[in-house]
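Student: Please see the structure below; I have some questions.
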Amino acid sequence: MVNTAETTSAAAAAQATAKDGGKTRIALIGTGGRSEMYIRAIYGKHADTAELVAFSDVNPGRVEFYQKLIQQLGAPGPVASFDPADLTAFIQANGIGRIIVTTPDYTHADYIVEGLRAGADVVVEKPLTIDAESCRRIVEAVHETGRNVVVTFNYRYSPRNSALKEIIKSGVIGKVTSVDFSWVLDTVHGADYFRRWHRDKKNSGGLLIHKASHHFDLVNWWIDDVPERVFASGGLKFYGDQNAAERGLGPRPERGTPDADAPAGPKDPFTLDLREDERLKALFLDNEHYDGYRRDQDVFTAGITIEDNLALVVEYQGGPRLSYSLNAHSPWEGYRVAVNGTEGRAELEVVERAAVVHSADRKTVVDPSATPVKEEDAVRRNGERLVVQRHWEAAYEVPIVNGEGGHGGGDELLLSDLFNGPGEDPLGRPSGYLDGLRSVSVGIAGNRSLETSLPVRVQDLDLGVDLRRGR
């Protein structure tokens with residue numbers, strides 16, 4: 001079994017800085033879309049255990065956007081802001097116990113390492129980081145400071161994924177021998193990665209890091225094992241200018257938001273007009289003049305260096321094999337996972353959006369896992385189903401009980417663990433930096449395999465730590 005001491009220690013970090021009725025003093029770095037979940041939690045259900053002391057971002061317009069939000073949430077006044085370059089000084093001068101990092105992936109390691117060495121624990125959005133060198137730096141800082149890093153793998157908390165974990169842990173399908181995992185992103189959610197900063201692999205590590213680290217973490221956690229060797233194949237087969245030219249799409253604008261005086265044209269389902277979404281307009285379009293960042297780049301222009309079709313084989317130290325695939329231009333969104341064991345098989349099928357049906361009078365939700373949708377068709381239906389079948393027995397369905405909010409209520413459970421400190425969790429859902437390393441190790445090895453067309457041993461990445469033993 002995987003050593004869980006580090007995970008338990010990381011999960012307890014929320015309690016360590018809030019003893020004797022005090023609140024954890026928090027600084028948040030990065031004011032893009034993901035930061036809102038934490039801000040609402042701090043000014044909502046977790047106001048008794050957490051205090052947001054300051055925001056930080058390279059874009060002052062986005063800081064101001066969230067200043068307005070916290071006023072709406074009932075804050076007595078604006079919170080402080082500081083230059084990200086002054087992180088160490090701000091932590092030490094203001095008694096910051098924890099930083100929350102929601103910046104672009106390539107910046108994670110810098111803020112994690114600096115935050116730890118300045119004396120704060122760290123909560124970071126997945127992925128932990130994007131390359132082997134950054135992993136080594138984080139490991140060194142953790143060992144040097146003894147402080148905690150929590151990676152927010154909210155998929156673990158989704159009831160359907162927890163239900164599959166319970167089935168595997170119960171032993172009803174025996175010892176796991178293999179996992180077959182297929183994830184499809186539709187032409188709304190999938191396309192969105194190709195219009196944002198994620199489209200450049202040096203920013204995101206590609207979908208094998210940014211998106212699939214969630215999926216690899218699920219497998220690592222489900223089967224309680226550590227990846228050992230990875231072989232990957234994939235490429236950019238749908239998005240990008242070359243693919244557009246091959247399909248005869250013709251000239252396209254560089255971005256989805258037209259000039260203010262441009263005449264209205266026919267709606268293109270692959271474009272994003274920021275003016276049509278009040279929040280995106282206020283957060284990004286209105287603040288472009290500060291940093292030049294465009295949130296609405298066309299998905300069929302040049303400059304995309306990430307893949308949209310991927311397949312991997314992952315060998316685990318304990319013997320199981322994972323067969324994984326990711327497609328980012330599917331007509332529906334969801335995933336299918338089958339876990340084979342010596343006594344039977346468990347199958348989880350999830351349809352998060354059965355069909356992409358655009359309507360002129362309805363906003364299309366980008367991420368249907370975070371915001372449930374009702375778009376369906378006559379054949380496919382949104383929903384989830386977990387089926388277990390032992391050898392020589394009839395199959396049976398395992399009920400899944402969802403809660404309120406994103407990811408079937410999983411986000412609320414995650415936030416409770418973060419801000420209150422978890423109680424006993426037999427499923428081991430709280431995750432620390434080792435879990436983050438184990439998940440990105442698959443993507444880092446996969447990217448190297450894509451470059452060399454050869455299998456890559458995780459040990460050869462030299463991440464600075466034994467992923468099983470934690471040292």
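FYI, nothing fancy with the structure tokens labels: chains A, B, ... in order, residues from 1 per chain, ligands from 1 as they appear.
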Can I get the residues of stretch 144-213 of chain A within 10 Å of stretch 405-429 of chain A, each with the closest pair of atoms and their distance in Å to one decimal, using only C-alpha atoms, sorted chain first then ascending number, as JSON lines?

Tutor:
{"residue": "A:Val150", "atom": "CA", "partner": "A:Leu418", "partner_atom": "CA", "distance": 8.4}
{"residue": "A:Thr152", "atom": "CA", "partner": "A:Leu414", "partner_atom": "CA", "distance": 7.5}
{"residue": "A:Phe153", "atom": "CA", "partner": "A:Leu414", "partner_atom": "CA", "distance": 8.1}
{"residue": "A:Asn154", "atom": "CA", "partner": "A:Asp411", "partner_atom": "CA", "distance": 5.9}
{"residue": "A:Tyr155", "atom": "CA", "partner": "A:Gly410", "partner_atom": "CA", "distance": 7.0}
{"residue": "A:Arg156", "atom": "CA", "partner": "A:Arg429", "partner_atom": "CA", "distance": 5.9}
{"residue": "A:Tyr157", "atom": "CA", "partner": "A:Gly410", "partner_atom": "CA", "distance": 4.4}
{"residue": "A:Ser158", "atom": "CA", "partner": "A:Gly410", "partner_atom": "CA", "distance": 4.3}
{"residue": "A:Pro159", "atom": "CA", "partner": "A:Gly408", "partner_atom": "CA", "distance": 6.3}
{"residue": "A:Arg160", "atom": "CA", "partner": "A:Gly408", "partner_atom": "CA", "distance": 8.1}
{"residue": "A:Asn161", "atom": "CA", "partner": "A:Gly410", "partner_atom": "CA", "distance": 9.6}
{"residue": "A:Ser162", "atom": "CA", "partner": "A:Leu427", "partner_atom": "CA", "distance": 7.4}
{"residue": "A:Ala163", "atom": "CA", "partner": "A:Leu427", "partner_atom": "CA", "distance": 9.6}
{"residue": "A:Lys165", "atom": "CA", "partner": "A:Leu427", "partner_atom": "CA", "distance": 7.1}
{"residue": "A:Glu166", "atom": "CA", "partner": "A:Leu427", "partner_atom": "CA", "distance": 7.1}
{"residue": "A:Lys169", "atom": "CA", "partner": "A:Leu427", "partner_atom": "CA", "distance": 8.3}

Student: Can you spit out the residues from that selection as a CSV table (one decimal), in the first residue's frame, using C-alpha atoms?

Tutor:
chain,number,residue,atom,x,y,z
A,150,VAL,CA,-2.4,20.4,-0.3
A,152,THR,CA,-7.2,20.2,-4.5
A,153,PHE,CA,-8.3,17.0,-6.2
A,154,ASN,CA,-12.0,17.7,-6.0
A,155,TYR,CA,-12.8,14.7,-8.2
A,156,ARG,CA,-12.0,12.4,-5.3
A,157,TYR,CA,-14.9,13.9,-3.4
A,158,SER,CA,-17.5,13.4,-6.2
A,159,PRO,CA,-19.9,10.8,-4.8
A,160,ARG,CA,-19.7,8.6,-7.9
A,161,ASN,CA,-15.9,8.4,-7.7
A,162,SER,CA,-16.0,7.8,-4.0
A,163,ALA,CA,-18.5,5.0,-4.6
A,165,LYS,CA,-13.3,3.6,-4.4
A,166,GLU,CA,-15.6,2.0,-1.8
A,169,LYS,CA,-11.6,-1.1,-1.3

Student: I'd like the neighbourhood of stretch 286-300 of chain A as a PyMOL selection string, where a residue qualifies if any of its atoms comes within 9 Å (using only C-alpha atoms), though same-chain residues fewer than 6 positions away should be ignored.

Tutor: chain A and resi 58-62+191-197+199+238-245+249+252-257+270-274+280

Student: Can you pull out the residues contacting A:Val351? Cut-off 7 Å, using only C-alpha atoms, and skip same-chain residues under 4 positions away; I want them as a PyMOL selection string.

Tutor: chain A and resi 333-335+381-384

Student: List every residue of stretch 128-359 of chain A that DSSP, applied to the backbone, labels as strand (DSSP E), and write the result as a PyMOL selection string.

Tutor: chain A and resi 149-152+176-186+227-235+309-316+321-330+333-341+344-353

Student: When you count only C-alpha atoms, which of these residues is closest to A:Ala41: A:Tyr66, A:Leu73, A:Ile173, A:Phe231?

Tutor: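 That would be A:Leu73, the residue with the smallest distance to A:Ala41.
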
Student: Have a look at atom CA of A:Gly95 and atom CA of A:Ala50 and let me know their distance in Å, one decimal.

Tutor: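 Going from atom CA of A:Gly95 over to atom CA of A:Ala50, I get 13.2 Å.
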
Student: List as a PyMOL selection string the protein and nucleic acid residues near A:Lys68, meaning an atom at most 12 Å away when only C-alpha atoms are counted, but skip any in the same chain fewer than 5 places from it.

Tutor: chain A and resi 36+39+61-63+73-79+282-283

Student: Please report, as a tab-separated table, each residue of stretch 188-214 of chain A lying at most 9 Å from stretch 442-455 of chain A, together with the nearest pair of atoms and the separation in Å rounded to one decimal; use only C-alpha atoms, and order rows by chain and ascending residue number.

Tutor:
residue	atom	partner	partner_atom	distance
A:Gly205	CA	A:Ile444	CA	7.8
A:Gly206	CA	A:Asn447	CA	8.2
A:Leu207	CA	A:Gly443	CA	8.3
A:Leu208	CA	A:Gly443	CA	4.7
A:Ile209	CA	A:Gly443	CA	5.0
A:His210	CA	A:Gly443	CA	8.7
A:Ala212	CA	A:Gly443	CA	7.3
A:Ser213	CA	A:Gly443	CA	6.8

Student: Since we have the selection now, will you write its residues out, keeping all heavy atoms, as a CSV table (one decimal), in the first residue's frame?

Tutor:
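Result file follows (part.csv):
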chain,number,residue,atom,x,y,z
A,205,GLY,N,1.7,22.3,-19.6
A,205,GLY,CA,2.1,20.9,-19.7
A,205,GLY,C,1.2,20.1,-20.6
A,205,GLY,O,1.4,18.9,-20.7
A,206,GLY,N,0.3,20.8,-21.3
A,206,GLY,CA,-0.6,20.1,-22.2
A,206,GLY,C,-1.8,19.4,-21.4
A,206,GLY,O,-1.8,19.5,-20.1
A,207,LEU,N,-2.7,18.8,-22.0
A,207,LEU,CA,-3.8,18.2,-21.3
A,207,LEU,C,-3.4,17.0,-20.5
A,207,LEU,O,-4.1,16.6,-19.6
A,207,LEU,CB,-4.9,17.8,-22.3
A,207,LEU,CG,-5.6,18.9,-23.0
A,207,LEU,CD1,-6.7,18.4,-24.0
A,207,LEU,CD2,-6.2,19.9,-22.0
A,208,LEU,N,-2.3,16.4,-20.8
A,208,LEU,CA,-1.8,15.3,-20.0
A,208,LEU,C,-1.4,15.7,-18.6
A,208,LEU,O,-1.5,14.9,-17.6
A,208,LEU,CB,-0.5,14.6,-20.6
A,208,LEU,CG,-0.8,13.6,-21.7
A,208,LEU,CD1,0.6,13.0,-22.1
A,208,LEU,CD2,-1.7,12.5,-21.3
A,209,ILE,N,-1.1,17.0,-18.4
A,209,ILE,CA,-0.8,17.6,-17.1
A,209,ILE,C,-2.0,18.3,-16.6
A,209,ILE,O,-2.5,18.0,-15.5
A,209,ILE,CB,0.4,18.5,-17.2
A,209,ILE,CG1,1.7,17.8,-17.6
A,209,ILE,CG2,0.6,19.2,-15.8
A,209,ILE,CD1,2.3,16.9,-16.6
A,210,HIS,N,-2.4,19.3,-17.3
A,210,HIS,CA,-3.5,20.2,-16.8
A,210,HIS,C,-4.8,19.5,-16.5
A,210,HIS,O,-5.4,19.7,-15.5
A,210,HIS,CB,-3.7,21.4,-17.7
A,210,HIS,CG,-4.8,22.3,-17.2
A,210,HIS,ND1,-4.6,23.2,-16.3
A,210,HIS,CD2,-6.2,22.3,-17.5
A,210,HIS,CE1,-5.7,23.8,-15.9
A,210,HIS,NE2,-6.7,23.3,-16.7
A,212,ALA,N,-5.6,15.9,-17.4
A,212,ALA,CA,-5.5,14.5,-17.0
A,212,ALA,C,-4.9,14.2,-15.6
A,212,ALA,O,-5.0,13.1,-15.1
A,212,ALA,CB,-4.8,13.7,-18.1
A,213,SER,N,-4.2,15.2,-15.0
A,213,SER,CA,-3.7,14.9,-13.7
A,213,SER,C,-4.8,14.6,-12.7
A,213,SER,O,-4.6,13.8,-11.8
A,213,SER,CB,-2.9,16.1,-13.2
A,213,SER,OG,-3.6,17.3,-13.1

Student: Could you name the residues that touch A:His329 at 8 Å or less, counting only C-alpha atoms, but leaving out those on the same chain fewer than 5 positions away, as JSON, numbers by chain?

Tutor: {"A": [184, 185, 186, 187, 190, 191, 238, 308]}

Student: If you run DSSP on this backbone, which residues of stretch 202-354 of chain A come out as alpha helix (DSSP H), and could you give them as an MDAnalysis selection string?

Tutor: chainID A and resid 202:204 207:210 212:223 241:246 278:283 288:291

Student: With only C-alpha atoms as the basis for distance, which of A:Val123, A:Leu52, A:Asp105, A:Leu310 is at the shortest distance from A:Ile70?

Tutor: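 Of all the options, A:Leu52 lies closest to A:Ile70.
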
Student: Using only C-alpha atoms, which residue out of A:Asn402, A:Ser431, A:Thr31, A:Gln459 lies closest to A:His214?

Tutor: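 So, comparing all the options, the nearest one is A:Ser431.
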
Student: Find the residue from A:Val230, A:Leu386, A:Ala354, A:Val151 that sits nearest to A:Asp217; use only C-alpha atoms when measuring.

Tutor: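 The answer is A:Val151, which sits nearest to A:Asp217.
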
Student: So how far away is atom CA of A:Glu315 from atom CA of A:Asn148, in Å?

Tutor: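 Spanning atom CA of A:Asn148 to atom CA of A:Glu315 is a straight-line distance of 28.9 Å.
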